[in-house]
Amino acid sequence: MEFKELVKKRQSDRKYLSVPVEEEKIMQCIESARLAPSACNAQPWKFIVVDDPGLRQTIAHCAESMGMNKFVSEVPVIIALVLEKPNLTSKIGSVLKGKEYTLMDIGIVANQFCLQAAELGLGTCMVGWFDEKKARNALHIPSSKRIPLLIALGYPDSPTREKIRKKTIDIYNRNQY
C-alpha cells in the first residue's frame, strides 16, 4: 500500500466486528511501534495488550465515563500505552527546553502503531478520555506511572470515511508566521 493511501485509510474507528485479532498482527503493530523514533532514543513507553474478556470490559468501562467512548466495549483488544521514565538526556532536555518530549514520543509511537494496524486491515481509535486511576489499578500499573492513551484495536465495521481537514493553505506559512 502506498503511504498516501495508508494515511487516508487510517482513521478513528468507533464500530468494530466481534472478530478476534490475530496475535501475529498485534505483535506486528507492537514491533512497528518499537521502531518509532523518540527524543534522545529514550523510548519511554510500554504496551499492555488487554485481550482477556473480563479485564477488557473493566478497561472499557474506564473509558465509558460521562457517555463518552461507548464503542470501546465492542473492541476485541485494548492497548494501554504506559508512559515510562525517559533516559537522563531526554529528561534534562525536557526541563531545559520546557517541552514534554515524553508526550511527543507517546504521540509518535501511538501513531506508528495505528498506521501499522491500518496497513494490516485493522481499525484503531486513540482514547484519551478515561478513568486513568481505575485503569492503572486494574492493570496493576504502579501509581507513579501514567497511561496517556488507550488504543482500541479490532476489525472495523464501517467504511473508510472521507477526511474533513483544513485546507493546506490554512495550515502552513513559509519563512514567517
# chains A, B, ... in the order shown; residues from 1 in each chain; ligands from 1
call {"tool": "residues_around", "arguments": {"residues": "range 85-87 of chain A", "least_positions_apart": "3", "cutoff": "9 Å", "atoms": "only C-alpha atoms", "output": "list in words"}}
result
Ala39, Cys40, Asn41, Ala42, Gln43, Pro44, Trp45, Ser90, Lys91, Ile92, Tyr101, Thr102 and Lys145 of chain A
call {"tool": "residues_around", "arguments": {"residues": "Ile147 in chain A", "least_positions_apart": "5", "cutoff": "9 Å", "atoms": "only C-alpha atoms", "output": "NGL selection string"}}
result
:A and (80-83 or 128 or 132-133 or 135-136 or 141)
call {"tool": "residues_around", "arguments": {"residues": "Asp157 in chain A", "least_positions_apart": "2", "cutoff": "9 Å", "atoms": "only C-alpha atoms", "output": "PyMOL selection string"}}
result
chain A and resi 13-17+123+155+159
call {"tool": "write_last_selection", "arguments": {"atoms": "N, CA and C atoms", "output": "PDB file, in the first residue's frame"}}
result
ATOM      1  N   ASP A  13     -11.695   4.635  14.251  1.00  0.00           N
ATOM      2  CA  ASP A  13     -12.869   3.780  14.094  1.00  0.00           C
ATOM      3  C   ASP A  13     -13.613   3.668  15.412  1.00  0.00           C
ATOM      4  N   ARG A  14     -14.940   3.723  15.323  1.00  0.00           N
ATOM      5  CA  ARG A  14     -15.768   3.631  16.526  1.00  0.00           C
ATOM      6  C   ARG A  14     -16.838   2.548  16.412  1.00  0.00           C
ATOM      7  N   LYS A  15     -16.642   1.641  15.460  1.00  0.00           N
ATOM      8  CA  LYS A  15     -17.546   0.497  15.307  1.00  0.00           C
ATOM      9  C   LYS A  15     -16.694  -0.679  14.840  1.00  0.00           C
ATOM     10  N   TYR A  16     -16.814  -1.803  15.570  1.00  0.00           N
ATOM     11  CA  TYR A  16     -15.933  -2.938  15.320  1.00  0.00           C
ATOM     12  C   TYR A  16     -16.706  -4.242  15.187  1.00  0.00           C
ATOM     13  N   LEU A  17     -16.159  -5.163  14.402  1.00  0.00           N
ATOM     14  CA  LEU A  17     -16.694  -6.510  14.291  1.00  0.00           C
ATOM     15  C   LEU A  17     -16.265  -7.304  15.523  1.00  0.00           C
ATOM     16  N   GLY A 123      -8.648  -1.651  12.535  1.00  0.00           N
ATOM     17  CA  GLY A 123      -9.066  -0.307  12.884  1.00  0.00           C
ATOM     18  C   GLY A 123      -8.558   0.028  14.280  1.00  0.00           C
ATOM     19  N   TYR A 155     -11.144  -5.237  14.090  1.00  0.00           N
ATOM     20  CA  TYR A 155     -11.537  -5.124  12.683  1.00  0.00           C
ATOM     21  C   TYR A 155     -12.698  -4.140  12.587  1.00  0.00           C
ATOM     22  N   PRO A 159     -17.017   1.695   6.750  1.00  0.00           N
ATOM     23  CA  PRO A 159     -16.086   2.024   5.666  1.00  0.00           C
ATOM     24  C   PRO A 159     -15.157   3.178   6.051  1.00  0.00           C
TER      25      PRO A 159
END
call {"tool": "closest_residue", "arguments": {"among": "A:Lys25, A:Asp131, A:Val49, A:Glu31", "to": "Pro148 in chain A", "atoms": "only C-alpha atoms"}}
result
A:Asp131
call {"tool": "closest_residue", "arguments": {"among": "A:Ala152, A:Ile171, A:Leu55, A:Cys29", "to": "Ile78 in chain A", "atoms": "only C-alpha atoms"}}
result
A:Ala152
call {"tool": "closest_residue", "arguments": {"among": "A:Thr89, A:Ser65, A:Asn111, A:Gln176", "to": "Ala33 in chain A", "atoms": "only C-alpha atoms"}}
result
A:Asn111
call {"tool": "residues_around", "arguments": {"residues": "Ile151 in chain A", "least_positions_apart": "4", "cutoff": "6 Å", "atoms": "only C-alpha atoms", "output": "PyMOL selection string"}}
result
chain A and resi 78-79+125-127
call {"tool": "closest_residue", "arguments": {"among": "A:Leu139, A:Lys8, A:Arg165, A:Thr124", "to": "Asp52 in chain A", "atoms": "only C-alpha atoms"}}
result
A:Leu139
call {"tool": "select_by_dssp", "arguments": {"residues": "chain A", "states": "strand (DSSP E)", "output": "number ranges by chain"}}
result
A: 45-50, 77-83, 123-127, 146-154
call {"tool": "select_by_dssp", "arguments": {"residues": "chain A", "states": "helix (DSSP H, G or I)", "output": "ChimeraX atom specification"}}
result
/A:3-9,23-34,39-41,53-63,65-67,70-74,88-97,101-119,132-138,168-170
call {"tool": "residues_around", "arguments": {"residues": "Gly54 in chain A", "least_positions_apart": "6", "cutoff": "12 Å", "atoms": "only C-alpha atoms", "output": "ChimeraX atom specification"}}
result
/A:60-61,73,76-78,138-139
call {"tool": "write_last_selection", "arguments": {"atoms": "N, CA and C atoms", "output": "short mmCIF file (atom, residue, chain, number, x, y, z; two decimals), in the first residue's frame"}}
result
data_model
loop_
_atom_site.label_atom_id
_atom_site.label_comp_id
_atom_site.auth_asym_id
_atom_site.auth_seq_id
_atom_site.Cartn_x
_atom_site.Cartn_y
_atom_site.Cartn_z
N ALA A 60 -12.63 -1.09 29.34
CA ALA A 60 -13.62 -0.39 28.51
C ALA A 60 -14.52 0.47 29.38
N HIS A 61 -14.92 -0.06 30.52
CA HIS A 61 -15.77 0.70 31.44
C HIS A 61 -15.05 1.97 31.91
N SER A 73 -16.29 -0.89 24.41
CA SER A 73 -16.70 -2.22 24.89
C SER A 73 -16.85 -3.22 23.73
N PRO A 76 -12.13 -6.08 20.43
CA PRO A 76 -11.56 -7.30 20.98
C PRO A 76 -10.24 -7.08 21.73
N VAL A 77 -9.57 -5.94 21.46
CA VAL A 77 -8.29 -5.67 22.10
C VAL A 77 -8.22 -4.19 22.48
N ILE A 78 -7.74 -3.93 23.67
CA ILE A 78 -7.43 -2.57 24.10
C ILE A 78 -5.96 -2.54 24.45
N ALA A 138 -6.55 -1.63 37.70
CA ALA A 138 -6.98 -2.89 37.09
C ALA A 138 -5.83 -3.61 36.40
N LEU A 139 -4.88 -2.84 35.87
CA LEU A 139 -3.75 -3.42 35.14
C LEU A 139 -2.50 -3.57 36.02
#
call {"tool": "closest_residue", "arguments": {"among": "A:Asp51, A:Leu149, A:Ser38, A:Ser143", "to": "Glu100 in chain A", "atoms": "only C-alpha atoms"}}
result
A:Ser38
call {"tool": "closest_residue", "arguments": {"among": "A:Leu120, A:His140, A:Ile169, A:Gln57", "to": "Glu22 in chain A", "atoms": "only C-alpha atoms"}}
result
A:Leu120
call {"tool": "atom_distance", "arguments": {"atom1": "CA of Glu74 in chain A", "atom2": "CA of Gly154 in chain A"}}
result
8.8 Å
